[in-house]
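Before any comments, here is the structure.
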Amino acid sequence: MSSTPDQPARRAMTMREIREGLGHVKPGQPEALVQITRYEVSVLPESDVNRSVFTINVEHRGNDRWAVVRHQQCMNAKGEWSWERVPSEREDEWLDEHRFNRMTALELAKWAAPRIVVNGLTAVDAYRRTHPATPAP
């Protein structure tokens with residue numbers, strides 16, 4: 001912002017001040033927070049009827065720890081699935097093996113997504129059956 005010798009420079013308004021000025025937020029009122037807590041990972045498009053059975057979820061578990069889950073099973077760092085324990089039975093060792101930062105969890109899920117097998121078909125096989133004219137991802 002420019003200033004003139006007889007007019008000092010003003011600081012830029014914050015987004016909060018702009019929203020208050022427009023009447024979108026009342027002064028002193030807390031703003032609603034938005035947080036992503038789950039990602040869906042699948043090789044099948046959202047419109048595919050088989051997507052739900054070939055989807056892996058990456059879910060936030062607090063403190064920048066994310067779980068790679070599918071049908072109440074949790075993936076470890078080796079790509080192995082095990083039943084997710086109830087919170088009272090989750091020991092630190094188990095948590096360390098099954099919780100990741102967001103990027104690692106997403107990479108594990110993307111690695112595993114094409115390898116899901118349901119009724120003898122991989123996710124890629126299912127994709128090819130429902131989308132024969134397009135190359136598999």
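So you can find residues: chains in the structure tokens are A, B, ... in the order shown, residues in each start at 1, and ligands are numbered from 1 in order.
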*Which of chain A fall in strand (DSSP E), as a list of chain:residue names*: A:Arg38, A:Tyr39, A:Glu40, A:Val41, A:Ile56, A:Asn57, A:Val58, A:Glu59, A:His60, A:Trp66, A:Ala67, A:Val68, A:Val69, A:Arg70, A:Gln73, A:Cys74, A:Met75, A:Trp81, A:Ser82, A:Trp83, A:Val117, A:Val118, A:Leu121, A:Thr122
Considering only C-alpha atoms, return as an mmCIF file with N, CA, C and O atoms, in the first residue's frame whatever protein or nucleic-acid residues lie within 12 Å of segment 116-127 of chain A, sequence-local ones (same chain, fewer than 5 positions apart) excluded.
```cif
data_model
loop_
_atom_site.group_PDB
_atom_site.id
_atom_site.type_symbol
_atom_site.label_atom_id
_atom_site.label_comp_id
_atom_site.auth_asym_id
_atom_site.auth_seq_id
_atom_site.Cartn_x
_atom_site.Cartn_y
_atom_site.Cartn_z
ATOM 1 N N VAL A 41 -9.308 -43.436 -1.238
ATOM 2 C CA VAL A 41 -8.317 -43.784 -2.261
ATOM 3 C C VAL A 41 -8.824 -45.010 -3.009
ATOM 4 O O VAL A 41 -9.105 -46.043 -2.393
ATOM 5 N N SER A 42 -8.959 -44.892 -4.322
ATOM 6 C CA SER A 42 -9.449 -46.000 -5.135
ATOM 7 C C SER A 42 -9.005 -45.800 -6.574
ATOM 8 O O SER A 42 -8.855 -44.659 -7.022
ATOM 9 N N VAL A 43 -8.833 -46.893 -7.308
ATOM 10 C CA VAL A 43 -8.551 -46.775 -8.737
ATOM 11 C C VAL A 43 -9.849 -46.627 -9.530
ATOM 12 O O VAL A 43 -9.819 -46.267 -10.700
ATOM 13 N N LEU A 44 -10.979 -46.898 -8.884
ATOM 14 C CA LEU A 44 -12.271 -46.776 -9.553
ATOM 15 C C LEU A 44 -12.816 -45.368 -9.382
ATOM 16 O O LEU A 44 -12.709 -44.782 -8.305
ATOM 17 N N PRO A 45 -13.428 -44.811 -10.422
ATOM 18 C CA PRO A 45 -13.987 -43.460 -10.302
ATOM 19 C C PRO A 45 -15.179 -43.443 -9.340
ATOM 20 O O PRO A 45 -15.800 -44.475 -9.065
ATOM 21 N N GLU A 46 -15.492 -42.265 -8.879
ATOM 22 C CA GLU A 46 -16.568 -42.086 -7.899
ATOM 23 C C GLU A 46 -17.902 -42.641 -8.393
ATOM 24 O O GLU A 46 -18.708 -43.139 -7.606
ATOM 25 N N SER A 47 -18.157 -42.601 -9.677
ATOM 26 C CA SER A 47 -19.425 -43.053 -10.247
ATOM 27 C C SER A 47 -19.510 -44.573 -10.417
ATOM 28 O O SER A 47 -20.583 -45.099 -10.722
ATOM 29 N N ASP A 48 -18.430 -45.288 -10.211
ATOM 30 C CA ASP A 48 -18.416 -46.739 -10.445
ATOM 31 C C ASP A 48 -19.180 -47.465 -9.347
ATOM 32 O O ASP A 48 -18.959 -47.232 -8.155
ATOM 33 N N VAL A 49 -20.046 -48.377 -9.737
ATOM 34 C CA VAL A 49 -20.878 -49.120 -8.793
ATOM 35 C C VAL A 49 -20.039 -49.963 -7.823
ATOM 36 O O VAL A 49 -20.459 -50.241 -6.699
ATOM 37 N N ASN A 50 -18.841 -50.347 -8.216
ATOM 38 C CA ASN A 50 -17.980 -51.184 -7.380
ATOM 39 C C ASN A 50 -17.011 -50.401 -6.491
ATOM 40 O O ASN A 50 -16.243 -50.988 -5.748
ATOM 41 N N ARG A 51 -17.035 -49.105 -6.576
ATOM 42 C CA ARG A 51 -16.051 -48.294 -5.861
ATOM 43 C C ARG A 51 -16.026 -48.563 -4.354
ATOM 44 O O ARG A 51 -14.969 -48.650 -3.750
ATOM 45 N N SER A 52 -17.180 -48.700 -3.730
ATOM 46 C CA SER A 52 -17.212 -48.822 -2.265
ATOM 47 C C SER A 52 -16.441 -50.045 -1.761
ATOM 48 O O SER A 52 -15.818 -49.980 -0.708
ATOM 49 N N VAL A 53 -16.457 -51.149 -2.504
ATOM 50 C CA VAL A 53 -15.735 -52.334 -2.036
ATOM 51 C C VAL A 53 -14.260 -52.318 -2.402
ATOM 52 O O VAL A 53 -13.487 -53.108 -1.885
ATOM 53 N N PHE A 54 -13.870 -51.389 -3.283
ATOM 54 C CA PHE A 54 -12.471 -51.279 -3.693
ATOM 55 C C PHE A 54 -11.853 -49.952 -3.225
ATOM 56 O O PHE A 54 -10.964 -49.419 -3.877
ATOM 57 N N THR A 55 -12.328 -49.443 -2.110
ATOM 58 C CA THR A 55 -11.835 -48.167 -1.594
ATOM 59 C C THR A 55 -11.097 -48.364 -0.283
ATOM 60 O O THR A 55 -11.518 -49.136 0.580
ATOM 61 N N ILE A 56 -10.005 -47.643 -0.133
ATOM 62 C CA ILE A 56 -9.238 -47.585 1.110
ATOM 63 C C ILE A 56 -9.404 -46.177 1.661
ATOM 64 O O ILE A 56 -9.386 -45.209 0.904
ATOM 65 N N ARG A 70 -9.506 -50.192 5.933
ATOM 66 C CA ARG A 70 -10.464 -50.784 4.999
ATOM 67 C C ARG A 70 -11.228 -51.864 5.739
ATOM 68 O O ARG A 70 -10.638 -52.804 6.262
ATOM 69 N N HIS A 71 -12.523 -51.724 5.804
ATOM 70 C CA HIS A 71 -13.390 -52.718 6.456
ATOM 71 C C HIS A 71 -12.900 -53.095 7.851
ATOM 72 O O HIS A 71 -12.712 -54.265 8.161
ATOM 73 N N GLY A 79 2.656 -53.009 4.656
ATOM 74 C CA GLY A 79 1.558 -53.238 3.719
ATOM 75 C C GLY A 79 0.669 -54.388 4.116
ATOM 76 O O GLY A 79 -0.122 -54.867 3.314
ATOM 77 N N GLU A 80 0.773 -54.829 5.366
ATOM 78 C CA GLU A 80 -0.029 -55.943 5.869
ATOM 79 C C GLU A 80 -1.261 -55.399 6.601
ATOM 80 O O GLU A 80 -1.180 -54.385 7.289
ATOM 81 N N TRP A 81 -2.378 -56.107 6.455
ATOM 82 C CA TRP A 81 -3.628 -55.703 7.098
ATOM 83 C C TRP A 81 -3.825 -56.483 8.390
ATOM 84 O O TRP A 81 -3.520 -57.669 8.458
ATOM 85 N N ALA A 109 -1.712 -46.048 0.910
ATOM 86 C CA ALA A 109 -3.043 -46.314 0.369
ATOM 87 C C ALA A 109 -3.013 -46.354 -1.160
ATOM 88 O O ALA A 109 -3.649 -47.221 -1.781
ATOM 89 N N LYS A 110 -2.270 -45.442 -1.786
ATOM 90 C CA LYS A 110 -2.172 -45.436 -3.248
ATOM 91 C C LYS A 110 -1.450 -46.684 -3.757
ATOM 92 O O LYS A 110 -1.795 -47.224 -4.814
ATOM 93 N N TRP A 111 -0.478 -47.161 -2.999
ATOM 94 C CA TRP A 111 0.217 -48.401 -3.363
ATOM 95 C C TRP A 111 -0.738 -49.587 -3.269
ATOM 96 O O TRP A 111 -0.755 -50.462 -4.138
ATOM 97 N N PRO A 132 -13.971 -50.835 -20.055
ATOM 98 C CA PRO A 132 -13.085 -51.550 -20.991
ATOM 99 C C PRO A 132 -12.424 -50.671 -22.037
ATOM 100 O O PRO A 132 -11.370 -51.020 -22.544
ATOM 101 N N ALA A 133 -12.995 -49.533 -22.345
ATOM 102 C CA ALA A 133 -12.445 -48.684 -23.413
ATOM 103 C C ALA A 133 -11.340 -47.758 -22.945
ATOM 104 O O ALA A 133 -10.659 -47.144 -23.757
ATOM 105 N N THR A 134 -11.159 -47.629 -21.625
ATOM 106 C CA THR A 134 -10.142 -46.711 -21.119
ATOM 107 C C THR A 134 -9.038 -47.494 -20.427
ATOM 108 O O THR A 134 -9.284 -48.497 -19.790
ATOM 109 N N PRO A 135 -7.805 -47.039 -20.542
ATOM 110 C CA PRO A 135 -6.696 -47.748 -19.898
ATOM 111 C C PRO A 135 -6.804 -47.646 -18.374
ATOM 112 O O PRO A 135 -7.259 -46.640 -17.845
ATOM 113 N N ALA A 136 -6.393 -48.696 -17.701
ATOM 114 C CA ALA A 136 -6.412 -48.703 -16.226
ATOM 115 C C ALA A 136 -5.399 -47.708 -15.704
ATOM 116 O O ALA A 136 -4.358 -47.483 -16.305
ATOM 117 N N PRO A 137 -5.717 -47.094 -14.550
ATOM 118 C CA PRO A 137 -4.768 -46.123 -13.959
ATOM 119 C C PRO A 137 -3.478 -46.769 -13.529
ATOM 120 O O PRO A 137 -3.368 -47.919 -13.294
#
```
*Closest to Met103 of chain A among A:Arg115, A:His60, A:Arg90, A:Arg129, using only C-alpha atoms?*
A:His60
*What's the 10 Å shell around Trp94 of chain A, counting only C-alpha atoms, without same-chain residues fewer than 6 positions away, as a PyMOL selection string?*
chain A and resi 76+84-85
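Within the 9 Å cut-off around Glu97 of chain A, using only C-alpha atoms and omitting residues fewer than 3 positions from it on the same chain, the listed residues are Met75, Asn76, Ala77, Lys78, Asp92, Glu93, Trp94 and Phe100 of chain A.
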Using only N, CA and C atoms, please write the residues we just selected to a file, as a PDB file, in the first residue's frame.
```pdb
ATOM      1  N   MET A  75      -3.722 -50.982   8.003  1.00  0.00           N
ATOM      2  CA  MET A  75      -2.488 -51.397   7.350  1.00  0.00           C
ATOM      3  C   MET A  75      -1.279 -50.966   8.172  1.00  0.00           C
ATOM      4  N   ASN A  76      -0.261 -51.827   8.196  1.00  0.00           N
ATOM      5  CA  ASN A  76       0.996 -51.447   8.847  1.00  0.00           C
ATOM      6  C   ASN A  76       1.988 -50.982   7.782  1.00  0.00           C
ATOM      7  N   ALA A  77       3.174 -50.608   8.207  1.00  0.00           N
ATOM      8  CA  ALA A  77       4.179 -50.050   7.297  1.00  0.00           C
ATOM      9  C   ALA A  77       4.663 -51.073   6.263  1.00  0.00           C
ATOM     10  N   LYS A  78       4.477 -52.367   6.526  1.00  0.00           N
ATOM     11  CA  LYS A  78       4.879 -53.406   5.577  1.00  0.00           C
ATOM     12  C   LYS A  78       3.804 -53.685   4.531  1.00  0.00           C
ATOM     13  N   ASP A  92       1.478 -48.809  22.473  1.00  0.00           N
ATOM     14  CA  ASP A  92       2.332 -47.879  21.724  1.00  0.00           C
ATOM     15  C   ASP A  92       3.003 -48.564  20.537  1.00  0.00           C
ATOM     16  N   GLU A  93       3.454 -49.783  20.726  1.00  0.00           N
ATOM     17  CA  GLU A  93       4.127 -50.514  19.644  1.00  0.00           C
ATOM     18  C   GLU A  93       3.175 -50.722  18.462  1.00  0.00           C
ATOM     19  N   TRP A  94       1.927 -51.117  18.747  1.00  0.00           N
ATOM     20  CA  TRP A  94       0.944 -51.324  17.687  1.00  0.00           C
ATOM     21  C   TRP A  94       0.659 -50.001  16.981  1.00  0.00           C
ATOM     22  N   PHE A 100       0.758 -43.172  10.744  1.00  0.00           N
ATOM     23  CA  PHE A 100       1.739 -42.534   9.884  1.00  0.00           C
ATOM     24  C   PHE A 100       1.451 -41.042   9.780  1.00  0.00           C
TER      25      PHE A 100
END
```
*May I ask for the distance between atom CA of Asp64 of chain A and atom CA of Pro114 of chain A, given in Å to one decimal place?*
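Separation between atom CA of Asp64 of chain A and atom CA of Pro114 of chain A: 25.7 Å.
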*Members of chain A assigned alpha helix (DSSP H) by DSSP, as a ChimeraX atom specification*: /A:15-22,92-98,102-112,123-130
*Tell me which protein, DNA and RNA residues are within 8 Å of segment 22-39 of chain A, counting only C-alpha atoms, leaving out same-chain ones fewer than 6 positions away, and put them as an MDAnalysis selection string.*
chainID A and resid 16 57:60
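Using only C-alpha atoms, the smallest distance between any of A:Arg61, A:Arg11, A:Trp83, A:Leu106 and Glu40 of chain A comes from A:Leu106.
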_Between atom CA of Cys74 of chain A and atom CA of His98 of chain A, distance in Å (one decimal)_ =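 Separation of atom CA of Cys74 of chain A and atom CA of His98 of chain A: 6.7 Å.
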_Pairwise distance for atom CA of Thr104 of chain A and atom CA of Val69 of chain A, rounded to one decimal in Å_ =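 Value for the atom CA of Thr104 of chain A-atom CA of Val69 of chain A distance: 13.4 Å.
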